[in-house]
>>> print(open('start.cif').read())   # mmCIF, C-alpha atoms
data_upload
loop_
_atom_site.label_atom_id
_atom_site.label_comp_id
_atom_site.auth_asym_id
_atom_site.auth_seq_id
_atom_site.Cartn_x
_atom_site.Cartn_y
_atom_site.Cartn_z
CA MET Z 1 59.44 -31.08 23.44
CA ASN Z 2 56.06 -29.41 23.11
CA THR Z 3 53.69 -30.99 20.62
CA LEU Z 4 50.44 -29.70 19.28
CA ALA Z 5 47.46 -31.20 21.05
CA LEU Z 6 45.14 -32.49 18.31
CA GLY Z 7 42.17 -32.37 20.66
CA PRO Z 8 41.88 -32.49 24.47
CA GLN Z 9 45.18 -32.39 26.37
CA TRP Z 10 44.65 -35.93 27.64
CA LEU Z 11 44.76 -37.14 24.02
CA ASP Z 12 48.02 -35.35 23.22
CA PRO Z 13 50.78 -38.00 22.74
CA ASP Z 14 53.45 -35.93 24.46
CA TYR Z 15 51.23 -35.33 27.48
CA LEU Z 16 50.24 -39.01 27.71
CA ILE Z 17 53.83 -40.24 27.57
CA ALA Z 18 55.07 -37.61 30.04
CA THR Z 19 52.28 -38.48 32.47
CA PHE Z 20 51.99 -42.26 32.21
CA GLY Z 21 55.29 -43.30 30.63
CA LEU Z 22 55.75 -46.54 28.69
CA ILE Z 23 53.05 -48.31 30.73
CA GLY Z 24 50.51 -45.76 29.52
CA VAL Z 25 51.61 -46.28 25.91
CA LEU Z 26 51.14 -50.05 26.22
CA VAL Z 27 47.70 -49.69 27.82
CA ILE Z 28 46.55 -47.34 25.05
CA VAL Z 29 47.91 -49.61 22.30
CA PHE Z 30 46.11 -52.58 23.89
CA ALA Z 31 42.83 -50.68 24.24
CA GLU Z 32 42.89 -49.23 20.72
CA SER Z 33 43.70 -52.62 19.20
CA GLY Z 34 40.55 -54.40 20.26
CA LEU Z 35 38.46 -52.80 23.00
CA LEU Z 36 35.28 -51.00 21.97
CA ILE Z 37 36.14 -48.02 24.18
CA GLY Z 38 39.57 -47.56 22.57
CA PHE Z 39 38.60 -46.42 19.08
CA PHE Z 40 39.19 -42.70 19.81
CA LEU Z 41 42.71 -43.09 21.25
CA PRO Z 42 45.74 -41.63 19.37
CA GLY Z 43 47.49 -44.75 18.08
CA ASP Z 44 49.69 -43.65 15.17
CA SER Z 45 50.82 -40.31 16.57
CA LEU Z 46 51.43 -41.92 19.97
CA LEU Z 47 53.74 -44.59 18.53
CA PHE Z 48 55.58 -42.06 16.38
CA THR Z 49 56.14 -39.79 19.37
CA THR Z 50 57.27 -42.74 21.48
CA GLY Z 51 59.95 -43.66 18.95
CA LEU Z 52 61.06 -40.04 18.71
CA LEU Z 53 61.38 -39.71 22.49
CA VAL Z 54 63.38 -42.93 22.73
CA THR Z 55 65.90 -41.88 20.09
CA THR Z 56 66.33 -38.46 21.79
CA ASN Z 57 66.82 -40.15 25.20
CA LYS Z 58 63.73 -38.48 26.66
CA LEU Z 59 62.21 -41.91 27.20
CA ASP Z 60 64.94 -43.87 28.97
CA LYS Z 61 64.22 -47.34 27.56
CA PRO Z 62 66.02 -49.43 24.91
CA LEU Z 63 64.34 -49.11 21.51
CA TRP Z 64 64.24 -52.88 20.98
CA MET Z 65 62.41 -53.37 24.29
CA VAL Z 66 59.91 -50.58 23.56
CA CYS Z 67 59.12 -52.02 20.12
CA SER Z 68 58.79 -55.56 21.49
CA LEU Z 69 56.39 -54.51 24.26
CA ILE Z 70 54.31 -52.39 21.86
CA VAL Z 71 53.97 -55.30 19.42
CA LEU Z 72 52.97 -57.58 22.31
CA ALA Z 73 50.35 -55.09 23.52
CA ALA Z 74 48.96 -54.74 19.98
CA VAL Z 75 48.74 -58.51 19.48
CA LEU Z 76 47.09 -59.06 22.88
CA GLY Z 77 44.65 -56.23 22.17
CA ASP Z 78 43.52 -57.86 18.93
CA GLN Z 79 43.30 -61.17 20.77
CA ALA Z 80 40.97 -59.62 23.35
CA GLY Z 81 38.85 -58.12 20.56
CA TYR Z 82 38.61 -61.47 18.76
CA LEU Z 83 37.51 -63.33 21.92
CA PHE Z 84 34.98 -60.58 22.67
CA GLY Z 85 33.56 -60.90 19.16
CA ARG Z 86 33.22 -64.68 19.47
CA LYS Z 87 31.41 -64.29 22.78
CA VAL Z 88 29.08 -61.47 21.76
CA GLY Z 89 28.44 -62.74 18.23
CA PRO Z 90 25.75 -61.26 15.95
CA SER Z 91 24.17 -59.41 18.91
CA LEU Z 92 26.89 -56.79 18.40
CA PHE Z 93 25.08 -55.63 15.25
CA LYS Z 94 21.89 -55.09 17.27
CA ARG Z 95 23.53 -53.10 20.02
CA PRO Z 96 22.03 -49.58 20.26
CA ASP Z 97 24.15 -46.48 19.77
CA SER Z 98 25.59 -44.82 22.85
CA ARG Z 99 28.08 -42.08 23.62
CA LEU Z 100 31.06 -44.41 23.05
CA PHE Z 101 29.49 -46.85 20.62
CA LYS Z 102 28.25 -46.18 17.11
CA GLN Z 103 26.73 -48.92 15.00
CA GLU Z 104 28.21 -47.36 11.86
CA ASN Z 105 31.72 -48.16 13.14
CA VAL Z 106 30.81 -51.83 13.35
CA GLU Z 107 29.32 -51.76 9.87
CA LYS Z 108 32.42 -50.07 8.40
CA ALA Z 109 34.69 -52.66 10.00
CA HIS Z 110 32.43 -55.47 8.78
CA GLU Z 111 32.54 -54.17 5.20
CA PHE Z 112 36.33 -53.78 5.47
CA PHE Z 113 36.67 -57.36 6.73
CA GLU Z 114 34.36 -58.78 4.05
CA LYS Z 115 36.24 -56.91 1.32
CA HIS Z 116 39.81 -57.80 2.31
CA GLY Z 117 39.37 -61.10 4.16
CA PRO Z 118 42.03 -62.24 6.66
CA LYS Z 119 44.55 -59.66 5.39
CA SER Z 120 42.20 -56.98 6.74
CA LEU Z 121 43.81 -57.65 10.13
CA ILE Z 122 47.03 -56.24 8.67
CA LEU Z 123 45.55 -53.41 6.60
CA ALA Z 124 43.19 -52.28 9.37
CA ARG Z 125 46.14 -51.63 11.68
CA PHE Z 126 46.84 -48.48 9.68
CA VAL Z 127 43.23 -47.23 9.63
CA PRO Z 128 41.97 -45.46 12.78
CA ILE Z 129 38.69 -46.73 14.26
CA VAL Z 130 38.62 -49.64 11.79
CA ARG Z 131 41.63 -51.22 13.53
CA THR Z 132 39.67 -51.31 16.80
CA PHE Z 133 36.62 -53.07 15.40
CA THR Z 134 38.16 -55.42 12.80
CA PRO Z 135 39.42 -58.09 15.27
CA ILE Z 136 36.00 -58.00 16.94
CA ILE Z 137 34.33 -58.61 13.57
CA ALA Z 138 36.81 -61.45 12.94
CA GLY Z 139 35.58 -63.03 16.16
CA VAL Z 140 31.93 -62.50 15.26
CA SER Z 141 32.60 -64.15 11.87
CA ARG Z 142 34.26 -67.12 13.59
CA MET Z 143 37.45 -66.64 11.57
CA ASN Z 144 39.80 -69.65 11.75
CA TYR Z 145 41.84 -69.07 14.90
CA ARG Z 146 45.16 -70.16 13.41
CA SER Z 147 44.74 -67.73 10.51
CA PHE Z 148 43.71 -65.00 12.94
CA ILE Z 149 46.83 -65.46 15.08
CA THR Z 150 49.09 -65.41 12.01
CA PHE Z 151 47.69 -62.19 10.56
CA ASN Z 152 47.34 -60.65 14.01
CA VAL Z 153 51.06 -61.07 14.76
CA ILE Z 154 52.10 -59.82 11.31
CA GLY Z 155 49.84 -56.76 11.55
CA GLY Z 156 50.87 -56.01 15.12
CA ALA Z 157 54.56 -56.15 14.22
CA LEU Z 158 54.27 -54.04 11.05
CA TRP Z 159 52.19 -51.36 12.77
CA GLY Z 160 53.53 -51.39 16.33
CA ALA Z 161 57.22 -51.70 15.55
CA GLY Z 162 57.02 -50.00 12.15
CA VAL Z 163 55.50 -46.70 13.25
CA THR Z 164 57.68 -46.60 16.38
CA LEU Z 165 60.85 -47.20 14.36
CA LEU Z 166 59.74 -44.53 11.89
CA GLY Z 167 59.53 -42.04 14.75
CA ALA Z 168 62.93 -43.15 16.04
CA SER Z 169 64.52 -42.77 12.61
CA LEU Z 170 63.02 -39.37 11.86
CA GLY Z 171 63.75 -38.25 15.40
CA LYS Z 172 67.37 -37.84 14.39
CA VAL Z 173 66.43 -35.35 11.69
CA GLU Z 174 66.68 -31.69 12.70
CA PHE Z 175 63.70 -30.69 10.54
CA VAL Z 176 61.45 -33.07 12.48
CA HIS Z 177 62.48 -31.53 15.80
CA LYS Z 178 61.66 -28.05 14.55
CA HIS Z 179 58.33 -29.02 12.99
CA ILE Z 180 57.09 -31.82 15.24
CA GLU Z 181 53.60 -30.28 15.42
CA LEU Z 182 53.23 -30.37 11.63
CA ILE Z 183 54.62 -33.92 11.50
CA LEU Z 184 52.00 -35.17 13.97
CA VAL Z 185 49.23 -33.37 12.11
CA ALA Z 186 50.45 -34.98 8.86
CA ILE Z 187 50.42 -38.44 10.48
CA VAL Z 188 46.84 -37.97 11.63
CA LEU Z 189 45.75 -36.70 8.20
CA ILE Z 190 47.47 -39.56 6.39
CA SER Z 191 45.85 -42.10 8.69
CA VAL Z 192 42.43 -40.60 7.93
CA VAL Z 193 42.92 -40.80 4.14
CA PRO Z 194 41.72 -44.44 3.85
CA ILE Z 195 38.52 -43.55 5.71
CA ALA Z 196 37.90 -40.57 3.40
CA ILE Z 197 38.49 -42.73 0.32
CA GLU Z 198 36.03 -45.37 1.51
CA TYR Z 199 33.47 -42.67 2.35
CA PHE Z 200 33.54 -41.07 -1.09
CA ARG Z 201 33.61 -44.48 -2.76
CA ALA Z 202 30.50 -45.51 -0.84
CA ARG Z 203 28.78 -42.26 -1.82
CA GLY Z 204 29.64 -42.87 -5.45
CA LYS Z 205 28.19 -46.39 -5.33
CA SER Z 206 24.98 -45.17 -3.68
CA LYS Z 207 24.51 -42.54 -6.37
CA LYS Z 208 25.01 -45.10 -9.13
CA ALA Z 209 22.51 -47.39 -7.46
CA GLN Z 210 19.75 -44.77 -7.59
CA PRO Z 211 17.42 -45.32 -10.59
CA ALA Z 212 17.55 -42.61 -13.26
CA PRO Z 213 14.31 -40.66 -13.98
CA PRO Z 214 12.46 -41.96 -17.07
CA HIS Z 215 13.13 -40.19 -20.35
CA PRO Z 216 10.07 -38.36 -21.82
CA ALA Z 217 10.22 -40.59 -24.88
CA ASP Z 218 9.87 -43.67 -22.66
CA ARG Z 219 6.62 -42.52 -21.07
CA PRO Z 220 3.65 -44.74 -21.84
CA GLN Z 221 0.77 -43.43 -23.84
CA GLY Z 222 -1.78 -41.60 -21.78
CA ALA Z 223 0.82 -40.01 -19.45
CA PRO Z 224 0.14 -36.38 -18.40
CA ALA Z 225 2.63 -35.00 -20.91
CA ASP Z 226 0.84 -36.77 -23.75
CA ALA Z 227 -2.49 -35.59 -22.45
CA ARG Z 228 -1.30 -31.99 -22.47
CA ARG Z 229 -0.02 -32.35 -25.99
CA GLY Z 230 -3.42 -33.77 -26.98
CA ARG Z 231 -5.26 -30.79 -25.56
CA HIS Z 232 -2.98 -28.37 -27.40
CA ALA Z 233 -3.53 -30.24 -30.64
CA LYS Z 234 -7.32 -29.91 -30.32
CA ARG Z 235 -6.94 -26.17 -29.95
#
>>> encode(input="start.cif", output="structure tokens")
Amino acid sequence: MNTLALGPQWLDPDYLIATFGLIGVLVIVFAESGLLIGFFLPGDSLLFTTGLLVTTNKLDKPLWMVCSLIVLAAVLGDQAGYLFGRKVGPSLFKRPDSRLFKQENVEKAHEFFEKHGPKSLILARFVPIVRTFTPIIAGVSRMNYRSFITFNVIGGALWGAGVTLLGASLGKVEFVHKHIELILVAIVLISVVPIAIEYFRARGKSKKAQPAPPHPADRPQGAPADARRGRHAKR
């Protein structure tokens, strides 16, 4: 099966699975779930492709085992992110930008966490980039550990097993086999939709926050416009 590389070849799900197998999938899921360097990795399309390859016997592993290991990797990844956030603390917000770290990603995840609370650990699983930084922000915020574990496991299961099972289910459909490139592109686009919505919503709020220019009728006496009218009246 040849899939469309949505970027460099080493980010193409089919290439990654063919090269590194299930171990590579688990490492990527772990890294993208809570390590700062994992935000750019192809999570959704990778899981979908994994499920598809299992159901077509191109990945010779039982589906239940693949799903279980993926969920475990996702949960452990969030756990690592949470512990990192607790250790680093507020200094994370002062960290300078670098090639692999952008302060805006931290700020987006922080806003997402503040808006949705503990359930953000579930919702963020389905939002690229945000899912990497949210468990770290949870650690920085000293979120109750029992609550964190609960929402971490739920989110890891819904995302890790859910997307993989979706790929396994659709992998039996002939249309998917013939249009796998378009399917993967659609998955990436759908996963980016929440980010686009938040971006335009933030732009709308910033525009509303800008003060409107004063109406001419509200200008105080002696303003330039009044002065000009006074000069014309004298003429």
>>> resolve_selection(input="start.cif", expression="the PyMOL selection byres ((chain Z and resi 162-167) around 8)", output="list in words")
Asp44, Leu47, Phe48, Thr49, Thr50, Gly51, Leu52, Cys67, Ala157, Leu158, Trp159, Gly160, Ala161, Ala168, Ser169, Leu170 and Gly171 of chain Z
>>> resolve_selection(input="start.cif", expression="the PyMOL selection byres ((chain Z and resi 13) around 7)", output="count of residues only")
9
>>> closest_residue(input="start.cif", among="Z:Gly81, Z:Thr55, Z:Leu76, Z:Lys108", to="Ile37 of chain Z", atoms="all atoms listed in the file")
Z:Gly81
>>> resolve_selection(input="start.cif", expression="the PyMOL selection byres ((chain Z and resi 26) around 9)", output="list in words")
Leu22, Ile23, Gly24, Val25, Val27, Ile28, Val29, Phe30, Ala31, Leu69, Ile70, Leu72, Ala73 and Ala74 of chain Z
>>> residues_around(input="start.cif", residues="Glu107 of chain Z", least_positions_apart="4", cutoff="12 Å", atoms="only C-alpha atoms", output="count of residues only")
18
>>> atom_distance(input="start.cif", atom1="atom CA of Phe39 of chain Z", atom2="atom CA of Asn105 of chain Z")
9.3 Å
>>> atom_distance(input="start.cif", atom1="atom CA of Lys172 of chain Z", atom2="atom CA of Thr56 of chain Z")
7.5 Å
>>> decode(input="start.cif", residues="segment 89-138 of chain Z", atoms="C-alpha atoms", output="mmCIF file, in the first residue's frame")
data_model
loop_
_atom_site.group_PDB
_atom_site.id
_atom_site.type_symbol
_atom_site.label_atom_id
_atom_site.label_comp_id
_atom_site.auth_asym_id
_atom_site.auth_seq_id
_atom_site.Cartn_x
_atom_site.Cartn_y
_atom_site.Cartn_z
ATOM 1 C CA GLY Z 89 6.700 24.500 36.681
ATOM 2 C CA PRO Z 90 6.108 28.143 35.673
ATOM 3 C CA SER Z 91 9.627 28.376 34.196
ATOM 4 C CA LEU Z 92 8.178 26.659 31.112
ATOM 5 C CA PHE Z 93 6.379 29.914 30.246
ATOM 6 C CA LYS Z 94 9.699 31.783 30.333
ATOM 7 C CA ARG Z 95 11.549 29.354 28.118
ATOM 8 C CA PRO Z 96 12.819 31.077 24.938
ATOM 9 C CA ASP Z 97 11.713 29.937 21.500
ATOM 10 C CA SER Z 98 13.908 27.474 19.652
ATOM 11 C CA ARG Z 99 13.704 25.362 16.525
ATOM 12 C CA LEU Z 100 11.575 22.713 18.258
ATOM 13 C CA PHE Z 101 9.922 24.863 20.906
ATOM 14 C CA LYS Z 102 7.489 27.709 20.412
ATOM 15 C CA GLN Z 103 6.066 29.625 23.348
ATOM 16 C CA GLU Z 104 2.782 30.085 21.486
ATOM 17 C CA ASN Z 105 2.181 26.312 21.653
ATOM 18 C CA VAL Z 106 2.415 26.442 25.435
ATOM 19 C CA GLU Z 107 0.062 29.411 25.577
ATOM 20 C CA LYS Z 108 -2.504 27.685 23.331
ATOM 21 C CA ALA Z 109 -2.427 24.564 25.484
ATOM 22 C CA HIS Z 110 -2.730 26.673 28.638
ATOM 23 C CA GLU Z 111 -5.790 28.489 27.275
ATOM 24 C CA PHE Z 112 -7.285 25.144 26.212
ATOM 25 C CA PHE Z 113 -6.702 23.706 29.694
ATOM 26 C CA GLU Z 114 -8.120 26.769 31.458
ATOM 27 C CA LYS Z 115 -11.209 26.734 29.236
ATOM 28 C CA HIS Z 116 -12.095 23.029 29.480
ATOM 29 C CA GLY Z 117 -10.605 22.034 32.829
ATOM 30 C CA PRO Z 118 -9.774 18.359 33.508
ATOM 31 C CA LYS Z 119 -11.799 17.183 30.499
ATOM 32 C CA SER Z 120 -9.247 18.973 28.310
ATOM 33 C CA LEU Z 121 -7.090 15.853 28.733
ATOM 34 C CA ILE Z 122 -9.737 13.981 26.742
ATOM 35 C CA LEU Z 123 -10.566 16.681 24.194
ATOM 36 C CA ALA Z 124 -6.914 17.571 23.557
ATOM 37 C CA ARG Z 125 -6.201 14.016 22.418
ATOM 38 C CA PHE Z 126 -7.966 14.838 19.164
ATOM 39 C CA VAL Z 127 -6.194 18.179 18.588
ATOM 40 C CA PRO Z 128 -2.656 18.023 17.133
ATOM 41 C CA ILE Z 129 0.046 19.964 19.005
ATOM 42 C CA VAL Z 130 -2.382 20.767 21.837
ATOM 43 C CA ARG Z 131 -2.428 17.087 22.872
ATOM 44 C CA THR Z 132 1.351 17.206 23.368
ATOM 45 C CA PHE Z 133 1.369 20.255 25.633
ATOM 46 C CA THR Z 134 -1.872 19.804 27.621
ATOM 47 C CA PRO Z 135 -0.568 17.128 30.056
ATOM 48 C CA ILE Z 136 2.510 19.297 30.616
ATOM 49 C CA ILE Z 137 0.267 22.263 31.461
ATOM 50 C CA ALA Z 138 -1.731 19.995 33.790
#
